[in-house]
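Chemist: Once you've had a glance at the structure underneath, I'll fire off some questions.
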Amino acid sequence: MLRQTRMCVVAGVALACAVAGPLDAQEAEGGDEVTMRYGLPDVDSGARNRVAFRLFVYYHYMSRLGGVPFDAILGCSADRGEPCFDGGDWESDCRLWRCRTENEKTRFMDALVELAEEYPHSPEAMGHAVYAAVRLNRTASVEGLLDACEPTDAWWCELLRGYLLHETRRSGEAVAPIERGLAAAPDEMRCRLEDMERLLPSEVREAYDEIPCDERGDVHEYIWWLADPFWMEPGNERRVEHLMRGFSVPFHESRLHASRSPGRRHSDWHDMELIRRGYWDSWGPRTGTRRGDPEANAWTSRRGAFNHFVPDALDLSGLTSDLRFRLEGELDDEGWTRPAGPVLAAPAQMARFLDGDQMSVALASDLGAVSFEPPWATELEPVPGADTTAVTGPDSTDAVADSAAVPSRGPLPAPAPDARADGRPVRGDEARVVAPGQAWFVTSEGPGHVAHVDPVPIRERVTFSVAVPNLPQVVGLEAFSPAASARHRAVAMPLAGDGPELSDLLLYRPFGPDLPETRIRAVALMLGTLEVRSDDLVGLYWEGYDLPTDEPIGVAVSISDIEVGLLGRLGGLIGLGAEGRSATVEWTEPPLDDGDLRRAITLDVAGLDTGAHELTVELTLPDGTVLSRALSFEVIEPPDGR
């Protein structure tokens with residue numbers, strides 16, 4: 001205690017009173033509440049006090065001694081990439097204090113390792129050594145430390161081992177000790193770590209809270225199935241990240257407690273954001289009035305929380321057609337950036353067809369719109385005072401949906417020519433490879449089930465057509481390259497197989513004067529996006545099943561949300577020329593031979609305004625039944641010079 005008191009006196013009488021007083025009394029006033037609030041075992045108050053003192057020296061005491069006064073040029077600025085303490089939310093205070101030197105960081109780390117070796121049974125001594133090593137990027141100093149970890153409850157040591165493995169990019173290895181730790185942990189601790197309320201859309205949180213903790217297993221399995229960043233990769237890094245964020249909160253909290261004043265703790269809002277979005281990732285002047293104010297300028301740059309993996313419009317009871325995936329999150333979303341880099345949204349189009357008792361899913365993606373060439377994202381936001389001329393990457397202000405209608409905001413590669421040397425349009429299977437890597441078609445009917453198709457090289461456009469069970473499932477594309485990864489996911493609900501039914505609508509790029517007479521031909525020409533250039537012709541293909549064969553069937557094709565309708569040329573099917581300007585075109589199909597209808601038409605979209613439109617096909621059956629299918633697409637201006 002003598003060394004502690006001597007150091008505090010140097011800082012002044014006020015600090016001496018706050019810290020040189022009996023730490024056991026301080027812990028009695030508020031420390032035990034902080035330590036036990038998350039279920040950590042209270043083993044040795046002596047070890048806890050010595051750890052608290054080391055935290056105080058590093059995070060508070062040394063800040064006031066001999067440092068250069070903060071200055072815009074000389075002072076420490078995390079916004080300039082100068083980590084003051086450990087790169088976490090404490091960096092906001094670097095505007096007032098000086099940066100820690102490498103020697104100071106090393107001395108702090110050495111002191112914590114020494115305490116962990118002296119008190120291997122102490123969760124706080126061992127835990128803060130590992131926690132600090134992760135935050136200060138000095139994990140080599142604690143790699144062998146956990147071999148001597150002897151907390152009273154073995155579950156805590158297993159979670160700590162999993163935390164170190166995950167934070168050093170070994171999430172696959174981390175799963176086993178984490179699962180062992182969760183299985184052996186007290187019920188309260190396990191419930192706190194596994195709780196997903198902070199990650200869910202606001203409209204389902206109340207329903208989730210009504211489920212008792214010990215009955216949430218199936219719900220958690222279902223949500224994590226959907227929130228898994230990539231099914232083609234083993235494990236689920238996002239789930240491990242969530243568990244370890246919750247596990248790190250006690251260290252984050254006790255650091256604040258030891259470094260400030262007795263009983264002080266973070267607000268519930270702060271802890272919620274720490275679990276939802278991770279550590280602060282911006283440290284500029286706050287717009288709020290106090291620390292913990294939701295208006296404060298924290299968690300705003302999205303450097304550490306770029307991707308949003310938990311789906312929107314989530315139904316806890318199962319898959320619905322309303323389920324939506326949105327990869328690029330906003331500030332109110334849960335978020336995480338994988339160590340391998342952000343995941344880009346691949347533009348795509350998906351269509352469902354019937355093949356007997358199975359469902360055939362066609363999916364095409366314009367991967368040429370995704371930049372796989374490094375460096376694809378040096379910064380997600382310009383850093384104040386930095387040279388921004390070389391900054392590239394996704395837009396940091398507009399959220400990008402993981403949907404077929406919205407392409408990635410990444411920088412585009414050089415445009416490919418519209419035609420070959422012989423004047424014919426470029427076909428998808430002739431497109432150049434845009435990045436070394438592979439793209440997989442993936443489908444899953446639920447947790448524990450993943451089916452995939454052998455990968456194809458990443459090209460400007462990739463296309464899959466796969467027969468799957470006619471059951472609710474999620475289908476998508478997962479693409480990997482050394483520089484980046486991209487994906488698209490969509491819900492494929494079953495088509496009715498016991499009566500009249502209409503397939504999805506498929507947009508294709510016309511090739512030559514003839515219309516595709518088969519689905520295989522239409523899929524081969526399928527657009528890899530639902531964005532259509534205003535100077536393009538676009539083809540429309542659909543199928544009808546189990547239709548009446550004894551009487552004619554009425555067909556109507558319409559486009560809504562336009563000022564001047566133009567279905568300029570409906571192929572050769574109904575003989576309508578360019579002068580046929582109408583938002584709706586109708587005709588009658590003669591009686592069918594076998595009850596199946598396959599039709600392709602060509603649409604001239606030159607008369608449509610840019611923006612979103614809805615294309616609808618309706619079949620009116622002889623008994624008055626109307627089968628309808630709609631598809632939303634967007635008309636865009638052609639790129640300059642195209």
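Convention: chains lettered A, B, ... in structure tokens order; per-chain residue numbering from 1; ligands numbered from 1 as shown.
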Determine, counting only C-alpha atoms, which protein, DNA and RNA residues have an atom within 6 Å of an atom of region 354-364 of chain A; residues of the same chain fewer than 3 positions away are not included. Present the result as a list in words.
Modeler: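 The contact residues come out as Ala348, Gln349, Met350, Ala351, Val462, Thr463, Phe464, Ser465, Val466, Ala467, Val468, Pro469, Asn470 and Gly528 of chain A.
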Chemist: I want to know what sits within 10 Å of region 103-107 of chain A, based on only C-alpha atoms, with residues of the same chain fewer than 4 positions away left out; could you give that as a VMD selection string?
Modeler: chain A and resid 58 62 84 to 86 99 111 to 113 132 to 133 136 138
Chemist: Determine which residues of region 94-323 of chain A receive a DSSP assignment of helix (DSSP H, G or I), computed from the backbone, and state them as number ranges by chain.
Modeler: A: 94-95, 102-118, 123-135, 139-142, 145-148, 154-167, 171-184, 187-194, 197-199, 202-209, 213-215, 217-227, 237-259, 268-277
Chemist: Please identify all polymer residues within 8 Å of Arg50 (chain A), counting only C-alpha atoms, omitting same-chain residues fewer than 4 positions from it, and present them as a VMD selection string.
Modeler: chain A and resid 46 54 115
Chemist: Taking only C-alpha atoms into account, which of A:Asp546, A:Asp596, A:Glu517, A:Asp312 comes nearest Val204 (chain A)?
Modeler: A:Asp312
Chemist: Counting only C-alpha atoms, which of A:Asp268, A:Glu618, A:Asp228, A:Asp147 gets nearest to Ala116 (chain A)?
Modeler: A:Asp147
